[in-house]
Structure formats: C-alpha cells, structure tokens
Amino acid sequence: MTSLQFKFDNTDLKHILTAHPYQAEGKEWDNLVFEPFPTASDILVLTGDPYTNNPDNDRTKTSYDTARNWGDFFQSTSAIYFEAYTESGEKPKRYAIKAAFNTEMVNNDFTPCFKGLKYLISDAKFYGKHLHTCDSVPKHYGLWRAETGSWGGVMLFTVMDWGGYSWDQFKDTEHNNPEHRIIIGRTVELLHDYGVRHGQLDSDHHMLFDPAIRRCLLVDFSQARDHVCFRSLPILPIDAGNMKEECHETFNLMYNLNFMDYRMHPTPETKTWKAIRFLQRYRGLFPRLSNKDALMVQRRHFFDDRPLLENLDFGFGKDERLSDKFINALLSE
C-alpha cells in the first residue's frame, strides 16, 4: 500500500490528507514487516480529543491547538495520541494513532521533541523488526508521513489496532481484580517467552486492557530489547516475595500487580519455595528443555487453581516428563 487517506473530525482542517510510508536511509527499514492496512479506499478518521503524557507521566487530554504545535511551541518527549476509525462494513473498525507534528523543525537533539521523535521511530522500528508475529501486541500498520501545511507541518504517525485503554484507568474500578491482573501477567509472560523485554512496564500506560473481551495488549517498545527469560515463577499471586529473581521485569511487575509481599521470605513450608525448588531440579534433569516449557510444568502442578490454565498448550503430548507418576516422584524427593 503506497498511500493512506485520513482526516481530523474536530478541527478547522477539514480536507482529506494523504500519507505515505515513512522512508529512512539504509536497507534495514526496507526489511521491516508491518500489517497491510485493511482497505486502501477507507478514510481513517482521527476523532475525539487528543491526549498526551504530562511531565509527571500522567495521561492527560490536550487541545488540537496544542497538539498541532508539537515540535514547535509545544515541547514534550511524549507523542500525541488519537483514537481513530474507518467506516468499513457494518461496524466501524477502531484504531489507535501515535503522532508527532512539525517534524521538519525537530533537529535539535537537546529538545524534548527530538527525544520524542526518536522514541516514535524506534518504537515502530522494533515492531517491524521483532513483533509482527507476537500475540502480546496490537497489529501494527507501519509508520506514515504526511504534509499538513501550516496547520501542523510534517506529521509522522503510526497506526495500530485499537487495544483498549491504559491499565491505570482501571486501577480504582471493579475491573482491578485478581483475574484481570493475571491476564496482564500472562500477556507479559508471553512477550518474554517470545524473546522480548519491554523495558517500561513500571508505567501502566504501556499495558492496554479491554474489559469487554478480557484482553491485555502491550504497546510502546521504544526501549525494548531482545531477551532470554529465566524467571523462576509465573506472574501470579504467591505467598512469599522477599527473594532474588533472575528476571527483574517480571518480578517487579508481580509487585506492581500486588501479587506478592516483600516482607515474607520463602521458607520450605511456602508454595513459593517448593515451586522454585521444583523448577531448579526439573531444569537440571532436562537441561535441553526451554525455560518456558519447564515453567508450564511448574504452573500446572503448583498453580492449577488459577484462571487461564485451560487455555495453555503444554506441548508435550504424552511425554513422560509430564506424567503424574514422574512429577509426584520428583516432588517427593
């Protein structure tokens, strides 16, 4: 797809604009993989109030006048976010837009917008290079460039499927319950098992949740890295948390999701101690087995009272390594 048409529905900029795929120097960008936009003839409508992150990193609404001055009078490391839709078929399809304006003016690397633009491009690049087959993220339709003239200069923006609202918006609602937090934890587990560390999960903005379909998706990979995860516990409520863990990101998330108590040390009587000890011995017996598969065995035998387990594929078939006889013998040693 060589172009995309879009418009704003709440501004004095009423005409339809045309965007083209962003082109960067070097062959690396040519090898990135994004989803093709569903229908070339659809017009993408950016709707509602734009929002951004304030200096305290709180998500807040802003005006279109402020948004279009990003990169000029308005300086921020945060991009501008919009909800969007296309009227295709019986039901409009929802999208999320992450945008920067006046990018032709952003050339001073000491300004907040220079960093913000760098984050926007790095985020898209990481998606296209690493995440196009990952189930923990929304579908990504690439990075686009459009001329808006004197209204907002050269606009760069990404288009993604709508993934829900930031988890921080649900913190003080009935949706902040153990089952939904476990869904968030499982989404991060899948990302780590895919081979990626997010790098910014201390902020709830990057965890999107849709309570209508009980789904979490992760966004903003501008600081993500390749990762081989050696966590020793699933992201679930545990009975002791004062310990060392090899994967800091998942361990910190367990604390942020209120899944553990730092005051309690694992002792031989706790499930946490028994689960970690089991995993260590299981890894020793099967050193060629991936940590992901070993964790699934641990989860089945220590945390089978938690939601979502019925949807997990343990992948061994009738392998004797999963037989109750084998596991019980290992547990009794």
# chains A, B, ... in the order shown; residues from 1 in each chain; ligands from 1
$ residues_around --residues "A:Thr270" --least-positions-apart "4" --cutoff "10 Å" --atoms "only C-alpha atoms" --output "list of chain:residue names"
A:Ile238, A:Asp239, A:Ala240, A:Met264, A:His265, A:Pro266, A:Lys274, A:Ala275
$ select_by_dssp --residues "stretch 194-270 of chain A" --states "strand (DSSP E)" --output "ChimeraX atom specification"
/A:196-197,207-210,215-218,225-226
$ residues_around --residues "stretch 142-157 of chain A" --least-positions-apart "4" --cutoff "6 Å" --atoms "only C-alpha atoms" --output "list of chain:residue names"
A:Ala19, A:His20, A:Pro21, A:Tyr22, A:Phe34, A:Arg68, A:Lys98, A:Ala99, A:Ala100, A:Phe101, A:Asn102, A:Thr103
$ write_last_selection --atoms "N, CA and C atoms" --output "mmCIF file, in the first residue's frame"
data_model
loop_
_atom_site.group_PDB
_atom_site.id
_atom_site.type_symbol
_atom_site.label_atom_id
_atom_site.label_comp_id
_atom_site.auth_asym_id
_atom_site.auth_seq_id
_atom_site.Cartn_x
_atom_site.Cartn_y
_atom_site.Cartn_z
ATOM 1 N N ALA A 19 -1.174 10.284 3.358
ATOM 2 C CA ALA A 19 0.093 9.907 3.985
ATOM 3 C C ALA A 19 0.756 8.812 3.165
ATOM 4 N N HIS A 20 2.065 8.768 3.225
ATOM 5 C CA HIS A 20 2.849 7.738 2.538
ATOM 6 C C HIS A 20 3.751 7.049 3.557
ATOM 7 N N PRO A 21 4.144 5.818 3.283
ATOM 8 C CA PRO A 21 5.019 5.118 4.233
ATOM 9 C C PRO A 21 6.302 5.893 4.485
ATOM 10 N N TYR A 22 6.707 5.927 5.729
ATOM 11 C CA TYR A 22 7.951 6.599 6.107
ATOM 12 C C TYR A 22 9.134 5.868 5.493
ATOM 13 N N PHE A 34 5.266 -4.907 8.477
ATOM 14 C CA PHE A 34 4.069 -4.382 9.107
ATOM 15 C C PHE A 34 2.840 -5.002 8.450
ATOM 16 N N ARG A 68 -1.115 20.315 17.500
ATOM 17 C CA ARG A 68 -0.535 20.651 16.204
ATOM 18 C C ARG A 68 0.719 21.523 16.329
ATOM 19 N N LYS A 98 -0.509 7.236 17.007
ATOM 20 C CA LYS A 98 0.552 7.853 17.801
ATOM 21 C C LYS A 98 1.302 8.789 16.871
ATOM 22 N N ALA A 99 1.294 10.100 17.168
ATOM 23 C CA ALA A 99 1.712 11.083 16.170
ATOM 24 C C ALA A 99 2.705 12.107 16.715
ATOM 25 N N ALA A 100 3.462 12.671 15.785
ATOM 26 C CA ALA A 100 4.344 13.814 16.037
ATOM 27 C C ALA A 100 4.121 14.820 14.920
ATOM 28 N N PHE A 101 4.101 16.110 15.250
ATOM 29 C CA PHE A 101 3.866 17.176 14.277
ATOM 30 C C PHE A 101 5.123 18.038 14.119
ATOM 31 N N ASN A 102 5.154 18.792 13.023
ATOM 32 C CA ASN A 102 6.262 19.723 12.744
ATOM 33 C C ASN A 102 7.626 19.025 12.824
ATOM 34 N N THR A 103 7.668 17.803 12.340
ATOM 35 C CA THR A 103 8.903 17.031 12.497
ATOM 36 C C THR A 103 10.055 17.612 11.670
#
$ closest_atom_pairs --of "stretch 127-150 of chain A" --to "stretch 180-195 of chain A" --cutoff "8 Å" --atoms "only C-alpha atoms" --output "tab-separated table"
residue	atom	partner	partner_atom	distance
A:Cys134	CA	A:Tyr194	CA	7.0
A:Asp135	CA	A:Leu190	CA	7.7
A:Ser136	CA	A:Thr187	CA	5.7
$ write_last_selection --atoms "all heavy atoms" --output "CSV table (one decimal), in the first residue's frame"
chain,number,residue,atom,x,y,z
A,134,CYS,N,4.0,-11.6,17.1
A,134,CYS,CA,3.8,-11.6,18.6
A,134,CYS,C,2.3,-11.4,18.9
A,134,CYS,O,1.7,-10.5,18.4
A,134,CYS,CB,4.7,-10.6,19.3
A,134,CYS,SG,4.6,-10.6,21.1
A,135,ASP,N,1.8,-12.3,19.8
A,135,ASP,CA,0.4,-12.2,20.2
A,135,ASP,C,0.1,-11.2,21.3
A,135,ASP,O,-1.0,-11.0,21.7
A,135,ASP,CB,-0.1,-13.6,20.6
A,135,ASP,CG,-0.2,-14.6,19.5
A,135,ASP,OD1,-0.4,-14.1,18.3
A,135,ASP,OD2,0.0,-15.8,19.7
A,136,SER,N,1.2,-10.6,21.9
A,136,SER,CA,1.0,-9.7,23.0
A,136,SER,C,0.9,-8.3,22.6
A,136,SER,O,0.8,-7.4,23.5
A,136,SER,CB,2.2,-9.9,24.0
A,136,SER,OG,2.3,-11.2,24.5
$ residues_around --residues "A:Phe126" --least-positions-apart "4" --cutoff "12 Å" --atoms "only C-alpha atoms" --output "mmCIF file with all heavy atoms, in the first residue's frame"
data_model
loop_
_atom_site.group_PDB
_atom_site.id
_atom_site.type_symbol
_atom_site.label_atom_id
_atom_site.label_comp_id
_atom_site.auth_asym_id
_atom_site.auth_seq_id
_atom_site.Cartn_x
_atom_site.Cartn_y
_atom_site.Cartn_z
ATOM 1 N N GLU A 28 17.894 -1.439 6.199
ATOM 2 C CA GLU A 28 17.256 -2.072 7.348
ATOM 3 C C GLU A 28 15.774 -1.757 7.413
ATOM 4 O O GLU A 28 14.954 -2.619 7.715
ATOM 5 C CB GLU A 28 17.950 -1.636 8.636
ATOM 6 C CG GLU A 28 17.462 -2.378 9.861
ATOM 7 C CD GLU A 28 18.205 -1.979 11.118
ATOM 8 O OE1 GLU A 28 18.885 -0.932 11.094
ATOM 9 O OE2 GLU A 28 18.103 -2.709 12.112
ATOM 10 N N TRP A 29 15.398 -0.501 7.120
ATOM 11 C CA TRP A 29 13.982 -0.132 7.193
ATOM 12 C C TRP A 29 13.171 -0.863 6.124
ATOM 13 O O TRP A 29 12.016 -1.191 6.336
ATOM 14 C CB TRP A 29 13.840 1.384 7.052
ATOM 15 C CG TRP A 29 12.501 1.867 7.500
ATOM 16 C CD1 TRP A 29 11.377 2.015 6.755
ATOM 17 C CD2 TRP A 29 12.135 2.234 8.837
ATOM 18 N NE1 TRP A 29 10.337 2.462 7.521
ATOM 19 C CE2 TRP A 29 10.777 2.600 8.803
ATOM 20 C CE3 TRP A 29 12.829 2.290 10.047
ATOM 21 C CZ2 TRP A 29 10.085 3.016 9.941
ATOM 22 C CZ3 TRP A 29 12.145 2.713 11.173
ATOM 23 C CH2 TRP A 29 10.798 3.068 11.117
ATOM 24 N N ASN A 31 13.413 -3.838 5.286
ATOM 25 C CA ASN A 31 13.177 -5.216 5.697
ATOM 26 C C ASN A 31 12.189 -5.346 6.852
ATOM 27 O O ASN A 31 11.920 -6.458 7.313
ATOM 28 C CB ASN A 31 14.506 -5.874 6.100
ATOM 29 C CG ASN A 31 15.467 -5.990 4.933
ATOM 30 O OD1 ASN A 31 15.050 -6.172 3.788
ATOM 31 N ND2 ASN A 31 16.760 -5.869 5.206
ATOM 32 N N LEU A 32 11.660 -4.234 7.323
ATOM 33 C CA LEU A 32 10.685 -4.298 8.408
ATOM 34 C C LEU A 32 9.348 -4.810 7.894
ATOM 35 O O LEU A 32 8.960 -4.563 6.752
ATOM 36 C CB LEU A 32 10.507 -2.916 9.031
ATOM 37 C CG LEU A 32 11.772 -2.254 9.593
ATOM 38 C CD1 LEU A 32 11.425 -0.928 10.256
ATOM 39 C CD2 LEU A 32 12.486 -3.169 10.569
ATOM 40 N N VAL A 33 8.636 -5.514 8.755
ATOM 41 C CA VAL A 33 7.367 -6.136 8.369
ATOM 42 C C VAL A 33 6.230 -5.532 9.182
ATOM 43 O O VAL A 33 6.218 -5.617 10.415
ATOM 44 C CB VAL A 33 7.404 -7.665 8.594
ATOM 45 C CG1 VAL A 33 6.062 -8.289 8.202
ATOM 46 C CG2 VAL A 33 8.540 -8.292 7.797
ATOM 47 N N PHE A 34 5.266 -4.907 8.477
ATOM 48 C CA PHE A 34 4.069 -4.382 9.107
ATOM 49 C C PHE A 34 2.840 -5.002 8.450
ATOM 50 O O PHE A 34 2.910 -5.551 7.349
ATOM 51 C CB PHE A 34 4.002 -2.852 8.967
ATOM 52 C CG PHE A 34 5.138 -2.130 9.632
ATOM 53 C CD1 PHE A 34 6.165 -1.555 8.887
ATOM 54 C CD2 PHE A 34 5.182 -2.017 11.015
ATOM 55 C CE1 PHE A 34 7.205 -0.880 9.500
ATOM 56 C CE2 PHE A 34 6.230 -1.343 11.636
ATOM 57 C CZ PHE A 34 7.247 -0.781 10.876
ATOM 58 N N TYR A 119 11.867 8.297 19.952
ATOM 59 C CA TYR A 119 11.097 7.206 20.543
ATOM 60 C C TYR A 119 10.044 6.690 19.572
ATOM 61 O O TYR A 119 9.827 5.470 19.460
ATOM 62 C CB TYR A 119 10.409 7.675 21.830
ATOM 63 C CG TYR A 119 11.335 8.029 22.961
ATOM 64 C CD1 TYR A 119 10.933 8.941 23.950
ATOM 65 C CD2 TYR A 119 12.613 7.481 23.072
ATOM 66 C CE1 TYR A 119 11.775 9.281 24.994
ATOM 67 C CE2 TYR A 119 13.458 7.817 24.111
ATOM 68 C CZ TYR A 119 13.040 8.715 25.072
ATOM 69 O OH TYR A 119 13.872 9.057 26.111
ATOM 70 N N LEU A 120 9.364 7.596 18.877
ATOM 71 C CA LEU A 120 8.316 7.207 17.933
ATOM 72 C C LEU A 120 8.878 6.324 16.829
ATOM 73 O O LEU A 120 8.308 5.281 16.487
ATOM 74 C CB LEU A 120 7.676 8.463 17.334
ATOM 75 C CG LEU A 120 6.600 8.244 16.266
ATOM 76 C CD1 LEU A 120 5.370 7.599 16.869
ATOM 77 C CD2 LEU A 120 6.235 9.562 15.590
ATOM 78 N N ILE A 121 10.009 6.718 16.266
ATOM 79 C CA ILE A 121 10.621 5.959 15.180
ATOM 80 C C ILE A 121 11.185 4.635 15.695
ATOM 81 O O ILE A 121 11.011 3.583 15.065
ATOM 82 C CB ILE A 121 11.707 6.796 14.495
ATOM 83 C CG1 ILE A 121 11.073 8.027 13.824
ATOM 84 C CG2 ILE A 121 12.472 5.976 13.460
ATOM 85 C CD1 ILE A 121 12.080 9.032 13.277
ATOM 86 N N SER A 122 11.838 4.670 16.859
ATOM 87 C CA SER A 122 12.399 3.443 17.432
ATOM 88 C C SER A 122 11.310 2.431 17.758
ATOM 89 O O SER A 122 11.489 1.222 17.558
ATOM 90 C CB SER A 122 13.192 3.768 18.703
ATOM 91 O OG SER A 122 14.284 4.607 18.423
ATOM 92 N N HIS A 130 10.740 -7.080 15.068
ATOM 93 C CA HIS A 130 10.654 -8.180 16.031
ATOM 94 C C HIS A 130 9.246 -8.680 16.341
ATOM 95 O O HIS A 130 9.106 -9.825 16.787
ATOM 96 C CB HIS A 130 11.292 -7.750 17.358
ATOM 97 C CG HIS A 130 12.740 -7.417 17.272
ATOM 98 N ND1 HIS A 130 13.728 -8.373 17.217
ATOM 99 C CD2 HIS A 130 13.371 -6.213 17.242
ATOM 100 C CE1 HIS A 130 14.913 -7.788 17.165
ATOM 101 N NE2 HIS A 130 14.726 -6.468 17.168
ATOM 102 N N LEU A 131 8.210 -7.853 16.178
ATOM 103 C CA LEU A 131 6.930 -8.168 16.826
ATOM 104 C C LEU A 131 5.793 -8.516 15.883
ATOM 105 O O LEU A 131 4.659 -8.669 16.336
ATOM 106 C CB LEU A 131 6.503 -6.968 17.697
ATOM 107 C CG LEU A 131 7.445 -6.625 18.850
ATOM 108 C CD1 LEU A 131 6.985 -5.337 19.537
ATOM 109 C CD2 LEU A 131 7.507 -7.760 19.859
ATOM 110 N N HIS A 132 6.055 -8.658 14.590
ATOM 111 C CA HIS A 132 4.937 -8.842 13.662
ATOM 112 C C HIS A 132 4.238 -10.195 13.821
ATOM 113 O O HIS A 132 3.157 -10.392 13.269
ATOM 114 C CB HIS A 132 5.404 -8.647 12.216
ATOM 115 C CG HIS A 132 6.566 -9.483 11.819
ATOM 116 N ND1 HIS A 132 7.863 -9.133 12.097
ATOM 117 C CD2 HIS A 132 6.631 -10.671 11.173
ATOM 118 C CE1 HIS A 132 8.687 -10.060 11.642
ATOM 119 N NE2 HIS A 132 7.974 -11.002 11.088
ATOM 120 N N CYS A 134 3.975 -11.552 17.114
ATOM 121 C CA CYS A 134 3.792 -11.649 18.564
ATOM 122 C C CYS A 134 2.324 -11.427 18.928
ATOM 123 O O CYS A 134 1.689 -10.482 18.450
ATOM 124 C CB CYS A 134 4.670 -10.615 19.275
ATOM 125 S SG CYS A 134 4.550 -10.645 21.068
ATOM 126 N N VAL A 137 0.807 -7.978 21.352
ATOM 127 C CA VAL A 137 0.769 -6.592 20.884
ATOM 128 C C VAL A 137 -0.348 -6.411 19.864
ATOM 129 O O VAL A 137 -0.779 -7.372 19.221
ATOM 130 C CB VAL A 137 2.124 -6.195 20.254
ATOM 131 C CG1 VAL A 137 3.249 -6.383 21.255
ATOM 132 C CG2 VAL A 137 2.401 -6.991 18.989
ATOM 133 N N HIS A 140 0.157 -3.805 13.861
ATOM 134 C CA HIS A 140 0.812 -2.527 13.577
ATOM 135 C C HIS A 140 0.860 -2.325 12.064
ATOM 136 O O HIS A 140 1.328 -3.194 11.337
ATOM 137 C CB HIS A 140 2.235 -2.554 14.150
ATOM 138 C CG HIS A 140 2.881 -1.217 14.294
ATOM 139 N ND1 HIS A 140 3.163 -0.407 13.215
ATOM 140 C CD2 HIS A 140 3.309 -0.546 15.402
ATOM 141 C CE1 HIS A 140 3.740 0.706 13.652
ATOM 142 N NE2 HIS A 140 3.842 0.641 14.974
ATOM 143 N N GLY A 142 2.373 0.244 10.457
ATOM 144 C CA GLY A 142 3.523 0.985 9.975
ATOM 145 C C GLY A 142 3.571 2.438 10.397
ATOM 146 O O GLY A 142 2.693 2.971 11.073
ATOM 147 N N LEU A 143 4.648 3.073 9.982
ATOM 148 C CA LEU A 143 4.896 4.491 10.256
ATOM 149 C C LEU A 143 4.654 5.278 8.980
ATOM 150 O O LEU A 143 5.175 4.931 7.913
ATOM 151 C CB LEU A 143 6.340 4.671 10.735
ATOM 152 C CG LEU A 143 6.802 6.081 11.093
ATOM 153 C CD1 LEU A 143 5.985 6.650 12.256
ATOM 154 C CD2 LEU A 143 8.286 6.071 11.451
ATOM 155 N N VAL A 196 11.370 -11.049 24.141
ATOM 156 C CA VAL A 196 11.452 -9.587 24.208
ATOM 157 C C VAL A 196 11.229 -9.119 25.642
ATOM 158 O O VAL A 196 10.309 -9.582 26.328
ATOM 159 C CB VAL A 196 10.399 -8.935 23.287
ATOM 160 C CG1 VAL A 196 10.307 -7.432 23.526
ATOM 161 C CG2 VAL A 196 10.732 -9.212 21.827
ATOM 162 N N ARG A 197 12.063 -8.195 26.094
ATOM 163 C CA ARG A 197 11.861 -7.467 27.340
ATOM 164 C C ARG A 197 11.354 -6.082 26.988
ATOM 165 O O ARG A 197 11.968 -5.373 26.204
ATOM 166 C CB ARG A 197 13.175 -7.371 28.121
ATOM 167 C CG ARG A 197 13.058 -6.529 29.400
ATOM 168 C CD ARG A 197 14.403 -6.380 30.087
ATOM 169 N NE ARG A 197 15.372 -5.677 29.256
ATOM 170 C CZ ARG A 197 15.453 -4.350 29.141
ATOM 171 N NH1 ARG A 197 14.583 -3.578 29.760
ATOM 172 N NH2 ARG A 197 16.381 -3.801 28.380
ATOM 173 N N HIS A 198 10.241 -5.684 27.572
ATOM 174 C CA HIS A 198 9.616 -4.410 27.221
ATOM 175 C C HIS A 198 10.442 -3.218 27.662
ATOM 176 O O HIS A 198 10.700 -2.297 26.880
ATOM 177 C CB HIS A 198 8.212 -4.337 27.828
ATOM 178 C CG HIS A 198 7.431 -3.143 27.410
ATOM 179 N ND1 HIS A 198 7.610 -1.901 27.974
ATOM 180 C CD2 HIS A 198 6.468 -2.981 26.465
ATOM 181 C CE1 HIS A 198 6.799 -1.032 27.400
ATOM 182 N NE2 HIS A 198 6.089 -1.660 26.485
ATOM 183 N N VAL A 219 2.076 -2.021 24.465
ATOM 184 C CA VAL A 219 2.464 -1.045 23.447
ATOM 185 C C VAL A 219 3.704 -0.285 23.900
ATOM 186 O O VAL A 219 4.094 -0.339 25.065
ATOM 187 C CB VAL A 219 1.325 -0.046 23.152
ATOM 188 C CG1 VAL A 219 0.147 -0.745 22.481
ATOM 189 C CG2 VAL A 219 0.867 0.654 24.440
ATOM 190 N N ASP A 220 4.289 0.458 22.951
ATOM 191 C CA ASP A 220 5.460 1.323 23.138
ATOM 192 C C ASP A 220 6.712 0.508 23.447
ATOM 193 O O ASP A 220 7.063 0.271 24.604
ATOM 194 C CB ASP A 220 5.230 2.368 24.225
ATOM 195 C CG ASP A 220 6.333 3.440 24.176
ATOM 196 O OD1 ASP A 220 7.318 3.237 23.442
ATOM 197 O OD2 ASP A 220 6.197 4.469 24.862
ATOM 198 N N PHE A 221 7.390 0.133 22.386
ATOM 199 C CA PHE A 221 8.596 -0.683 22.500
ATOM 200 C C PHE A 221 9.848 0.109 22.123
ATOM 201 O O PHE A 221 10.808 -0.448 21.608
ATOM 202 C CB PHE A 221 8.447 -1.927 21.634
ATOM 203 C CG PHE A 221 7.460 -2.915 22.201
ATOM 204 C CD1 PHE A 221 6.101 -2.773 21.971
ATOM 205 C CD2 PHE A 221 7.892 -3.959 22.988
ATOM 206 C CE1 PHE A 221 5.194 -3.665 22.522
ATOM 207 C CE2 PHE A 221 6.993 -4.857 23.547
ATOM 208 C CZ PHE A 221 5.639 -4.712 23.309
ATOM 209 N N SER A 222 9.821 1.400 22.425
ATOM 210 C CA SER A 222 10.956 2.242 22.063
ATOM 211 C C SER A 222 12.199 1.912 22.885
ATOM 212 O O SER A 222 13.319 2.256 22.484
ATOM 213 C CB SER A 222 10.595 3.718 22.251
ATOM 214 O OG SER A 222 10.234 3.995 23.589
ATOM 215 N N GLN A 223 12.027 1.251 24.017
ATOM 216 C CA GLN A 223 13.170 0.882 24.848
ATOM 217 C C GLN A 223 13.253 -0.622 25.064
ATOM 218 O O GLN A 223 13.896 -1.095 26.007
ATOM 219 C CB GLN A 223 13.092 1.622 26.193
ATOM 220 C CG GLN A 223 13.149 3.141 26.042
ATOM 221 C CD GLN A 223 13.116 3.867 27.366
ATOM 222 O OE1 GLN A 223 13.742 3.452 28.330
ATOM 223 N NE2 GLN A 223 12.384 4.976 27.421
ATOM 224 N N ALA A 224 12.639 -1.379 24.191
ATOM 225 C CA ALA A 224 12.623 -2.839 24.318
ATOM 226 C C ALA A 224 13.941 -3.439 23.832
ATOM 227 O O ALA A 224 14.689 -2.818 23.070
ATOM 228 C CB ALA A 224 11.453 -3.411 23.523
ATOM 229 N N ARG A 225 14.189 -4.655 24.274
ATOM 230 C CA ARG A 225 15.405 -5.377 23.904
ATOM 231 C C ARG A 225 15.091 -6.857 23.721
ATOM 232 O O ARG A 225 14.131 -7.376 24.285
ATOM 233 C CB ARG A 225 16.480 -5.234 24.997
ATOM 234 C CG ARG A 225 16.979 -3.822 25.250
ATOM 235 C CD ARG A 225 17.793 -3.292 24.082
ATOM 236 N NE ARG A 225 18.346 -1.964 24.373
ATOM 237 C CZ ARG A 225 17.720 -0.828 24.110
ATOM 238 N NH1 ARG A 225 16.505 -0.862 23.566
ATOM 239 N NH2 ARG A 225 18.280 0.335 24.388
ATOM 240 N N ASP A 226 15.944 -7.528 22.939
ATOM 241 C CA ASP A 226 15.887 -8.987 22.896
ATOM 242 C C ASP A 226 16.130 -9.529 24.298
ATOM 243 O O ASP A 226 16.877 -8.933 25.095
ATOM 244 C CB ASP A 226 16.950 -9.538 21.944
ATOM 245 C CG ASP A 226 16.679 -9.176 20.489
ATOM 246 O OD1 ASP A 226 15.534 -8.817 20.175
ATOM 247 O OD2 ASP A 226 17.612 -9.245 19.679
#
$ atom_distance --atom1 "atom CA of A:Ser78" --atom2 "atom CA of A:Asn54"
7.8 Å
$ closest_residue --among "A:Gly48, A:Gly241, A:Pro112, A:Pro92" --to "A:Asp261" --atoms "only C-alpha atoms"
A:Gly241
$ select_by_dssp --residues "stretch 128-317 of chain A" --states "helix (DSSP H, G or I)" --output "PyMOL selection string"
chain A and resi 128-131+167-170+178-194+204-206+248-256+271-285+291-302+309-311
$ residues_around --residues "A:Arg94" --least-positions-apart "4" --cutoff "6 Å" --atoms "only C-alpha atoms" --output "list of chain:residue names"
A:Ala84, A:Tyr85, A:Trp162
$ atom_distance --atom1 "atom CA of A:Leu201" --atom2 "atom CA of A:Phe303"
23.8 Å
$ closest_atom_pairs --of "stretch 21-93 of chain A" --to "stretch 6-15 of chain A" --cutoff "6 Å" --atoms "only C-alpha atoms" --output "tab-separated table"
residue	atom	partner	partner_atom	distance
A:Ile43	CA	A:Phe6	CA	5.1
A:Leu44	CA	A:Phe6	CA	4.3
A:Val45	CA	A:Lys7	CA	5.2
A:Leu46	CA	A:Phe8	CA	4.8
A:Thr47	CA	A:Asp9	CA	5.6
$ write_last_selection --atoms "all heavy atoms" --output "compact mmCIF listing (two decimals), in the first residue's frame"
# COMPACT_ATOMS: atom_id res chain seq x y z
N ILE A 43 -11.10 5.79 4.50
CA ILE A 43 -10.54 7.02 5.05
C ILE A 43 -10.45 6.86 6.56
O ILE A 43 -11.44 6.56 7.23
CB ILE A 43 -11.40 8.23 4.67
CG1 ILE A 43 -11.41 8.42 3.15
CG2 ILE A 43 -10.88 9.49 5.36
CD1 ILE A 43 -12.35 9.52 2.68
N LEU A 44 -9.27 7.07 7.09
CA LEU A 44 -9.03 6.96 8.52
C LEU A 44 -9.44 8.27 9.17
O LEU A 44 -8.93 9.33 8.79
CB LEU A 44 -7.56 6.65 8.77
CG LEU A 44 -7.12 6.32 10.19
CD1 LEU A 44 -7.71 5.00 10.64
CD2 LEU A 44 -5.59 6.26 10.25
N VAL A 45 -10.36 8.22 10.12
CA VAL A 45 -10.87 9.43 10.78
C VAL A 45 -10.31 9.51 12.19
O VAL A 45 -10.56 8.63 13.01
CB VAL A 45 -12.41 9.43 10.83
CG1 VAL A 45 -12.92 10.73 11.48
CG2 VAL A 45 -13.00 9.26 9.43
N LEU A 46 -9.53 10.56 12.46
CA LEU A 46 -9.00 10.79 13.80
C LEU A 46 -10.04 11.57 14.58
O LEU A 46 -10.43 12.68 14.18
CB LEU A 46 -7.68 11.55 13.74
CG LEU A 46 -6.43 10.73 13.38
CD1 LEU A 46 -6.52 10.12 11.99
CD2 LEU A 46 -5.17 11.56 13.52
N THR A 47 -10.50 11.00 15.68
CA THR A 47 -11.68 11.53 16.35
C THR A 47 -11.41 11.81 17.82
O THR A 47 -10.42 11.34 18.38
CB THR A 47 -12.86 10.56 16.21
OG1 THR A 47 -14.04 11.15 16.73
CG2 THR A 47 -12.57 9.26 16.96
$ atom_distance --atom1 "atom CA of A:Thr39" --atom2 "atom CA of A:Pro138"
17.6 Å
